[in-house]
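Visitor: Structure supplied as run_7.cif; contents: mmCIF, C-alpha atoms.
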data_my_file
#
loop_
_atom_site.label_atom_id
_atom_site.label_comp_id
_atom_site.auth_asym_id
_atom_site.auth_seq_id
_atom_site.Cartn_x
_atom_site.Cartn_y
_atom_site.Cartn_z
CA MET Z 1 85.22 141.14 161.67
CA GLN Z 2 87.01 138.91 164.14
CA ASN Z 3 86.64 135.19 163.88
CA SER Z 4 88.16 132.65 166.24
CA THR Z 5 87.74 128.95 165.59
CA GLU Z 6 88.34 126.48 168.38
CA ASN Z 7 87.69 122.77 167.88
CA SER Z 8 89.03 120.32 170.43
CA ASN Z 9 88.96 117.57 167.82
CA THR Z 10 91.64 119.25 165.72
CA TYR Z 11 93.97 120.71 168.31
CA ASP Z 12 94.59 121.05 172.01
CA GLU Z 13 95.40 124.06 174.19
CA SER Z 14 99.13 123.38 173.99
CA LYS Z 15 99.12 124.07 170.25
CA LYS Z 16 100.37 127.29 168.71
CA LYS Z 17 98.03 130.19 167.95
CA ILE Z 18 98.16 131.80 164.51
CA LEU Z 19 96.62 135.13 163.51
CA ILE Z 20 95.51 135.47 159.88
CA VAL Z 21 95.12 139.08 158.72
CA GLU Z 22 93.50 138.77 155.30
CA ASP Z 23 90.53 140.63 153.76
CA GLU Z 24 89.76 138.01 151.10
CA LYS Z 25 87.40 135.64 152.92
CA GLU Z 26 88.03 132.74 150.53
CA ILE Z 27 91.76 132.85 151.25
CA SER Z 28 91.24 133.41 154.97
CA ASP Z 29 88.87 130.44 155.23
CA LEU Z 30 91.26 128.26 153.24
CA LEU Z 31 94.15 129.13 155.54
CA MET Z 32 92.01 128.51 158.63
CA PHE Z 33 90.93 125.11 157.38
CA HIS Z 34 94.43 123.86 156.60
CA LEU Z 35 96.08 125.36 159.68
CA GLU Z 36 93.47 123.86 162.00
CA LYS Z 37 93.84 120.55 160.17
CA GLU Z 38 97.53 120.72 161.17
CA GLY Z 39 96.51 121.28 164.79
CA TYR Z 40 96.91 125.04 165.16
CA LYS Z 41 94.50 127.47 166.77
CA THR Z 42 93.47 130.37 164.53
CA LEU Z 43 92.29 133.95 164.81
CA THR Z 44 91.32 136.09 161.83
CA ALA Z 45 91.07 139.79 161.09
CA GLU Z 46 89.67 141.31 157.88
CA ASP Z 47 91.42 144.68 158.06
CA GLY Z 48 94.68 146.14 159.28
CA GLU Z 49 93.33 147.94 162.32
CA LYS Z 50 91.70 144.78 163.66
CA GLY Z 51 94.89 142.88 162.86
CA VAL Z 52 96.96 145.18 165.08
CA GLU Z 53 94.33 145.01 167.83
CA LEU Z 54 94.23 141.21 167.85
CA ALA Z 55 98.00 140.86 167.56
CA LEU Z 56 98.60 143.00 170.63
CA SER Z 57 95.74 141.58 172.72
CA GLU Z 58 96.04 137.89 171.79
CA LYS Z 59 99.84 137.72 171.32
CA PRO Z 60 99.75 134.94 168.70
CA ASP Z 61 102.70 132.64 168.13
CA LEU Z 62 102.80 133.56 164.42
CA ILE Z 63 101.08 136.07 162.12
CA ILE Z 64 100.14 135.59 158.47
CA LEU Z 65 99.71 139.10 157.10
CA ASP Z 66 98.44 140.29 153.72
CA ILE Z 67 99.95 143.52 152.36
CA MET Z 68 96.83 144.89 150.65
CA LEU Z 69 94.33 145.49 153.48
CA PRO Z 70 91.59 148.03 154.22
CA LYS Z 71 92.04 150.65 156.98
CA ALA Z 72 95.77 149.94 157.40
CA ASP Z 73 98.02 148.12 154.93
CA GLY Z 74 100.15 145.15 155.89
CA LEU Z 75 103.40 147.11 155.96
CA THR Z 76 101.91 149.52 158.51
CA VAL Z 77 100.52 146.62 160.54
CA CYS Z 78 103.88 144.85 160.51
CA LYS Z 79 105.71 147.95 161.72
CA LYS Z 80 103.25 148.58 164.57
CA VAL Z 81 103.16 144.95 165.69
CA ARG Z 82 106.93 144.53 165.58
CA GLN Z 83 107.39 147.41 168.04
CA THR Z 84 105.76 145.24 170.73
CA LEU Z 85 105.94 141.61 169.58
CA ILE Z 86 109.67 141.39 168.95
CA LYS Z 87 109.97 137.61 168.61
CA THR Z 88 106.67 136.74 166.88
CA PRO Z 89 107.29 135.45 163.33
CA ILE Z 90 105.43 137.35 160.59
CA ILE Z 91 104.80 135.84 157.15
CA MET Z 92 103.67 138.46 154.63
CA LEU Z 93 101.45 137.75 151.63
CA SER Z 94 101.18 139.86 148.49
CA ALA Z 95 99.28 139.58 145.21
CA LYS Z 96 101.72 141.95 143.54
CA GLY Z 97 104.82 139.81 143.56
CA GLU Z 98 106.94 142.95 143.23
CA GLU Z 99 110.49 142.90 144.61
CA ILE Z 100 109.96 146.27 146.32
CA ASP Z 101 107.19 144.78 148.48
CA LYS Z 102 109.46 141.95 149.59
CA ILE Z 103 112.34 144.27 150.43
CA LEU Z 104 110.12 146.70 152.36
CA GLY Z 105 108.44 143.88 154.25
CA LEU Z 106 111.73 142.33 155.33
CA GLU Z 107 113.22 145.71 156.24
CA ILE Z 108 110.40 146.59 158.64
CA GLY Z 109 110.53 143.25 160.41
CA ALA Z 110 108.74 140.51 158.47
CA ASP Z 111 110.38 137.08 158.71
CA ASP Z 112 109.10 135.58 155.50
CA TYR Z 113 107.31 136.55 152.30
CA MET Z 114 105.08 134.69 149.84
CA SER Z 115 103.44 135.88 146.64
CA LYS Z 116 99.86 134.98 145.70
CA PRO Z 117 98.86 132.57 144.38
CA PHE Z 118 100.80 130.31 146.73
CA SER Z 119 100.97 126.63 147.53
CA ILE Z 120 99.18 125.73 150.77
CA ARG Z 121 101.71 122.96 151.29
CA GLU Z 122 104.58 125.42 151.02
CA LEU Z 123 102.92 127.95 153.32
CA ILE Z 124 102.32 125.28 155.98
CA ALA Z 125 105.97 124.26 155.69
CA ARG Z 126 107.05 127.85 156.25
CA VAL Z 127 104.70 128.25 159.22
CA LYS Z 128 106.21 125.17 160.84
CA ALA Z 129 109.76 126.25 160.07
CA ASN Z 130 109.30 129.75 161.50
CA LEU Z 131 107.72 128.36 164.68
CA ARG Z 132 110.52 125.80 165.03
CA LYS Z 133 113.05 128.57 164.66
CA VAL Z 134 111.61 130.48 167.62
CA ASP Z 135 111.64 127.33 169.76
CA GLN Z 136 115.19 126.52 168.66
CA ASN Z 137 116.42 130.03 169.49
CA GLU Z 138 115.07 129.70 173.01
CA GLN Z 139 116.61 126.24 173.42
CA ASP Z 140 119.96 127.46 172.10
CA ILE Z 141 120.10 130.09 174.83
CA VAL Z 142 119.65 127.34 177.42
CA ASN Z 143 122.09 124.91 175.81
CA LEU Z 144 124.83 127.45 175.23
CA GLY Z 145 124.68 128.73 178.79
CA ILE Z 146 125.19 132.28 177.54
CA ARG Z 147 126.07 134.57 180.45
CA ASN Z 148 123.26 137.02 181.29
CA ASN Z 149 121.74 136.09 177.93
CA LYS Z 150 124.35 138.20 176.15
CA ILE Z 151 126.89 137.38 173.46
CA VAL Z 152 130.00 139.54 173.29
CA VAL Z 153 132.37 139.21 170.32
CA GLY Z 154 134.94 141.93 169.79
CA ASP Z 155 133.14 145.27 169.47
CA LEU Z 156 129.75 143.55 169.21
CA CYS Z 157 127.34 142.84 172.09
CA LEU Z 158 123.97 141.12 171.60
CA ASP Z 159 121.32 141.10 174.31
CA LEU Z 160 119.21 138.01 173.60
CA ASP Z 161 116.42 138.99 176.00
CA LYS Z 162 115.88 142.49 174.67
CA PHE Z 163 116.83 141.75 171.05
CA GLU Z 164 119.25 144.66 171.24
CA VAL Z 165 122.71 145.16 169.75
CA GLU Z 166 125.53 147.46 170.83
CA VAL Z 167 128.60 148.27 168.79
CA ARG Z 168 131.49 149.78 170.74
CA GLY Z 169 129.01 150.64 173.49
CA GLN Z 170 126.58 152.42 171.16
CA LYS Z 171 123.10 150.92 170.82
CA VAL Z 172 121.91 150.01 167.32
CA THR Z 173 118.21 150.83 167.34
CA ASP Z 174 116.93 149.95 163.88
CA LEU Z 175 117.83 146.30 163.35
CA THR Z 176 114.97 144.07 162.21
CA ARG Z 177 114.38 140.72 163.89
CA ARG Z 178 115.85 138.87 160.90
CA GLU Z 179 118.95 141.03 160.92
CA PHE Z 180 119.36 140.39 164.64
CA GLU Z 181 119.10 136.64 164.09
CA VAL Z 182 121.75 136.72 161.37
CA LEU Z 183 124.11 138.53 163.75
CA ARG Z 184 123.17 136.16 166.56
CA TYR Z 185 123.92 133.05 164.52
CA LEU Z 186 127.25 134.39 163.28
CA ALA Z 187 128.22 135.69 166.73
CA GLN Z 188 127.78 132.20 168.16
CA LYS Z 189 130.50 131.06 165.74
CA PRO Z 190 133.08 133.88 166.02
CA GLY Z 191 135.76 133.72 163.35
CA GLN Z 192 134.03 130.80 161.63
CA VAL Z 193 132.95 131.34 158.03
CA VAL Z 194 129.27 130.49 157.45
CA THR Z 195 128.04 129.89 153.91
CA ARG Z 196 125.03 131.66 152.44
CA GLU Z 197 123.28 128.31 152.11
CA ASN Z 198 123.87 127.54 155.77
CA LEU Z 199 122.52 130.95 156.81
CA LEU Z 200 119.38 130.38 154.74
CA GLU Z 201 118.82 127.00 156.36
CA LYS Z 202 119.66 127.94 159.95
CA VAL Z 203 118.40 131.54 160.19
CA TRP Z 204 115.53 131.52 157.74
CA GLY Z 205 114.70 128.10 159.12
CA TYR Z 206 113.98 125.96 156.07
CA GLU Z 207 115.30 124.99 152.67
CA TYR Z 208 114.70 128.43 151.23
CA TYR Z 209 112.58 128.64 148.09
CA GLY Z 210 113.70 132.12 147.15
CA ASP Z 211 116.84 133.76 145.81
CA ILE Z 212 120.06 133.22 147.76
CA ARG Z 213 120.76 136.92 147.22
CA THR Z 214 118.36 137.44 150.12
CA VAL Z 215 121.35 136.74 152.39
CA ASP Z 216 123.52 139.32 150.64
CA VAL Z 217 120.79 141.96 150.86
CA THR Z 218 120.36 141.29 154.58
CA ILE Z 219 124.12 141.42 155.20
CA ARG Z 220 124.34 144.73 153.35
CA ARG Z 221 121.57 146.23 155.49
CA ILE Z 222 123.26 145.02 158.69
CA ARG Z 223 126.58 146.57 157.68
CA GLU Z 224 124.92 149.91 157.02
CA LYS Z 225 123.82 149.86 160.66
CA ILE Z 226 126.87 148.50 162.49
CA GLU Z 227 129.93 149.41 160.43
CA LYS Z 228 131.73 152.77 160.35
CA ASN Z 229 132.75 152.15 156.75
CA THR Z 230 130.68 149.64 154.78
CA ALA Z 231 133.34 149.52 152.05
CA ASN Z 232 135.87 148.32 154.62
CA PRO Z 233 133.91 146.37 157.26
CA LYS Z 234 135.66 145.46 160.51
CA ILE Z 235 132.93 143.41 162.24
CA LEU Z 236 130.91 141.50 159.65
CA ILE Z 237 133.43 140.16 157.16
CA THR Z 238 133.00 138.56 153.73
CA LYS Z 239 134.99 135.47 152.79
CA ARG Z 240 134.79 135.91 149.04
CA GLY Z 241 133.13 133.01 147.28
CA VAL Z 242 132.28 131.29 150.56
CA GLY Z 243 130.20 133.29 153.02
CA TYR Z 244 130.42 135.56 156.06
CA TYR Z 245 131.84 135.64 159.60
CA ILE Z 246 132.09 137.87 162.66
CA ASP Z 247 135.63 139.04 163.40
CA SER Z 248 136.46 137.91 166.93
CA LYS Z 249 139.47 140.23 167.40
#
Could you show the structure in this file as structure tokens?

Guide:
Amino acid sequence: MQNSTENSNTYDESKKKILIVEDEKEISDLLMFHLEKEGYKTLTAEDGEKGVELALSEKPDLIILDIMLPKADGLTVCKKVRQTLIKTPIIMLSAKGEEIDKILGLEIGADDYMSKPFSIRELIARVKANLRKVDQNEQDIVNLGIRNNKIVVGDLCLDLDKFEVEVRGQKVTDLTRREFEVLRYLAQKPGQVVTRENLLEKVWGYEYYGDIRTVDVTIRRIREKIEKNTANPKILITKRGVGYYIDSK
């Protein structure tokens, strides 16, 4: 069942719209209450099919998506939504707390992941951080004056409008949004080593609550997609004990 709450006393039309896809009404209502208290507009869906429908028709600014849903699970919803809504942040929720859920969610395009039970204060902080990150990305494009909205560093070319990457003229088709943003951030600093902590703050968009190994996992997945030989990378280089950089040669 779809539910849209609009109250001019708690937000105005300029505020961001958030879609909550959650089948547990108590949790959904709790999220609605706190998000609207922060000034956001909300939409809710109680199953995966309705979640996809609302995401594509309403084009929310951010999606909070449970993994365990009737009709279509959250991983399926995320995959379908990401095919169209490339830039929309997706925060996934799971009662399981299993590492495999987190890895799968991030691989298919989720931006963030929280295990139930979660802190409302922390979730709101992550919502704000993910929305700020989208706004900052758009502002960076303006400030940097990037030609044709493309960044070219060595063999790497990033199209910031299409969220596409080419390596030596060959298109890389299976990068997730997070992987693209990691490449984008590093490509804007060619040859400059960026620490894991800095990547967490600047790309993930907040003081990350999770394991710093998240960066290493993401880097490994990127290399599998852009490098000819992952054991001897030529584009995305590790500075042992420090961080990573894009080779500008």

Visitor: To one decimal place in Å, what is the distance between CA of Val153 in chain Z and CA of Ser248 in chain Z?

Guide: 5.5 Å

Visitor: For the structure shown, which residues end up in the PyMOL selection byres ((chain Z and resi 164) around 12)? Put them as a PyMOL selection string, please?

Guide: chain Z and resi 86-87+149-151+156-163+165-167+169-177+179-181+183-184

Visitor: Emit the selected residues as a short mmCIF file (atom, residue, chain, number, x, y, z; two decimals), in the coordinates of the input, including C-alpha atoms.

Guide:
data_model
loop_
_atom_site.label_atom_id
_atom_site.label_comp_id
_atom_site.auth_asym_id
_atom_site.auth_seq_id
_atom_site.Cartn_x
_atom_site.Cartn_y
_atom_site.Cartn_z
CA ILE Z 86 109.67 141.39 168.95
CA LYS Z 87 109.97 137.61 168.61
CA ASN Z 149 121.74 136.09 177.93
CA LYS Z 150 124.35 138.20 176.15
CA ILE Z 151 126.89 137.38 173.46
CA LEU Z 156 129.75 143.55 169.21
CA CYS Z 157 127.34 142.84 172.09
CA LEU Z 158 123.97 141.12 171.60
CA ASP Z 159 121.32 141.10 174.31
CA LEU Z 160 119.21 138.01 173.60
CA ASP Z 161 116.42 138.99 176.00
CA LYS Z 162 115.88 142.49 174.67
CA PHE Z 163 116.83 141.75 171.05
CA VAL Z 165 122.71 145.16 169.75
CA GLU Z 166 125.53 147.46 170.83
CA VAL Z 167 128.60 148.27 168.79
CA GLY Z 169 129.01 150.64 173.49
CA GLN Z 170 126.58 152.42 171.16
CA LYS Z 171 123.10 150.92 170.82
CA VAL Z 172 121.91 150.01 167.32
CA THR Z 173 118.21 150.83 167.34
CA ASP Z 174 116.93 149.95 163.88
CA LEU Z 175 117.83 146.30 163.35
CA THR Z 176 114.97 144.07 162.21
CA ARG Z 177 114.38 140.72 163.89
CA GLU Z 179 118.95 141.03 160.92
CA PHE Z 180 119.36 140.39 164.64
CA GLU Z 181 119.10 136.64 164.09
CA LEU Z 183 124.11 138.53 163.75
CA ARG Z 184 123.17 136.16 166.56
#

Visitor: Quick one: residues within 6 Å of range 47-55 of chain Z, all atoms listed in the file, excluding same-chain residues fewer than 6 positions away - as a short mmCIF file (atom, residue, chain, number, x, y, z; two decimals) with C-alpha atoms, in the frame of the given file?

Guide:
data_model
loop_
_atom_site.label_atom_id
_atom_site.label_comp_id
_atom_site.auth_asym_id
_atom_site.auth_seq_id
_atom_site.Cartn_x
_atom_site.Cartn_y
_atom_site.Cartn_z
CA VAL Z 21 95.12 139.08 158.72
CA ASP Z 23 90.53 140.63 153.76
CA LEU Z 69 94.33 145.49 153.48
CA PRO Z 70 91.59 148.03 154.22
CA LYS Z 71 92.04 150.65 156.98
CA ALA Z 72 95.77 149.94 157.40
CA ASP Z 73 98.02 148.12 154.93
CA VAL Z 77 100.52 146.62 160.54
#

Visitor: Of the candidates Z:Ile120, Z:Val194, Z:Ile108, Z:Ile222, which shows the shortest atom-to-atom distance to Val242 in chain Z, using all atoms listed in the file?

Guide: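 The answer is Z:Val194, which sits nearest to Val242 in chain Z.
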
Visitor: Just how far from CA of Glu46 in chain Z is CA of Arg82 in chain Z, in Å to one decimal?

Guide: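 Separating CA of Arg82 in chain Z from CA of Glu46 in chain Z is a distance of 19.2 Å.
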
Visitor: Tell me, as an MDAnalysis selection string, which residues lie within 6 Å of Ile64 in chain Z, counting all atoms listed in the file; anything in the same chain fewer than 3 positions away does not count.

Guide: chainID Z and resid 20 90:92

Visitor: Just say which residues the PyMOL selection byres ((chain Z and resi 219) around 12) picks in this file, as a ChimeraX atom specification.

Guide: /Z:107,175-176,178-183,186,196,199,212-218,220-227,230,233,235-238,243-246

Visitor: Report as a PDB file with C-alpha atoms, keeping the file's coordinate frame the residues that result from applying the PyMOL selection byres ((chain Z and resi 31) around 12) to the structure here.

Guide:
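Listed below is the output, result-v8.pdb:
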ATOM      1  CA  THR Z   5      87.740 128.950 165.590  1.00  0.00           C
ATOM      2  CA  ILE Z  18      98.160 131.800 164.510  1.00  0.00           C
ATOM      3  CA  LEU Z  19      96.620 135.130 163.510  1.00  0.00           C
ATOM      4  CA  ILE Z  20      95.510 135.470 159.880  1.00  0.00           C
ATOM      5  CA  VAL Z  21      95.120 139.080 158.720  1.00  0.00           C
ATOM      6  CA  GLU Z  22      93.500 138.770 155.300  1.00  0.00           C
ATOM      7  CA  GLU Z  24      89.760 138.010 151.100  1.00  0.00           C
ATOM      8  CA  LYS Z  25      87.400 135.640 152.920  1.00  0.00           C
ATOM      9  CA  GLU Z  26      88.030 132.740 150.530  1.00  0.00           C
ATOM     10  CA  ILE Z  27      91.760 132.850 151.250  1.00  0.00           C
ATOM     11  CA  SER Z  28      91.240 133.410 154.970  1.00  0.00           C
ATOM     12  CA  ASP Z  29      88.870 130.440 155.230  1.00  0.00           C
ATOM     13  CA  LEU Z  30      91.260 128.260 153.240  1.00  0.00           C
ATOM     14  CA  MET Z  32      92.010 128.510 158.630  1.00  0.00           C
ATOM     15  CA  PHE Z  33      90.930 125.110 157.380  1.00  0.00           C
ATOM     16  CA  HIS Z  34      94.430 123.860 156.600  1.00  0.00           C
ATOM     17  CA  LEU Z  35      96.080 125.360 159.680  1.00  0.00           C
ATOM     18  CA  GLU Z  36      93.470 123.860 162.000  1.00  0.00           C
ATOM     19  CA  LYS Z  37      93.840 120.550 160.170  1.00  0.00           C
ATOM     20  CA  GLU Z  38      97.530 120.720 161.170  1.00  0.00           C
ATOM     21  CA  TYR Z  40      96.910 125.040 165.160  1.00  0.00           C
ATOM     22  CA  LYS Z  41      94.500 127.470 166.770  1.00  0.00           C
ATOM     23  CA  THR Z  42      93.470 130.370 164.530  1.00  0.00           C
ATOM     24  CA  LEU Z  43      92.290 133.950 164.810  1.00  0.00           C
ATOM     25  CA  THR Z  44      91.320 136.090 161.830  1.00  0.00           C
ATOM     26  CA  ILE Z  63     101.080 136.070 162.120  1.00  0.00           C
ATOM     27  CA  ILE Z  64     100.140 135.590 158.470  1.00  0.00           C
ATOM     28  CA  LEU Z  65      99.710 139.100 157.100  1.00  0.00           C
ATOM     29  CA  LEU Z  93     101.450 137.750 151.630  1.00  0.00           C
ATOM     30  CA  PHE Z 118     100.800 130.310 146.730  1.00  0.00           C
ATOM     31  CA  SER Z 119     100.970 126.630 147.530  1.00  0.00           C
ATOM     32  CA  ILE Z 120      99.180 125.730 150.770  1.00  0.00           C
ATOM     33  CA  ARG Z 121     101.710 122.960 151.290  1.00  0.00           C
ATOM     34  CA  GLU Z 122     104.580 125.420 151.020  1.00  0.00           C
ATOM     35  CA  LEU Z 123     102.920 127.950 153.320  1.00  0.00           C
ATOM     36  CA  ILE Z 124     102.320 125.280 155.980  1.00  0.00           C
ATOM     37  CA  VAL Z 127     104.700 128.250 159.220  1.00  0.00           C
TER      38      VAL Z 127
END
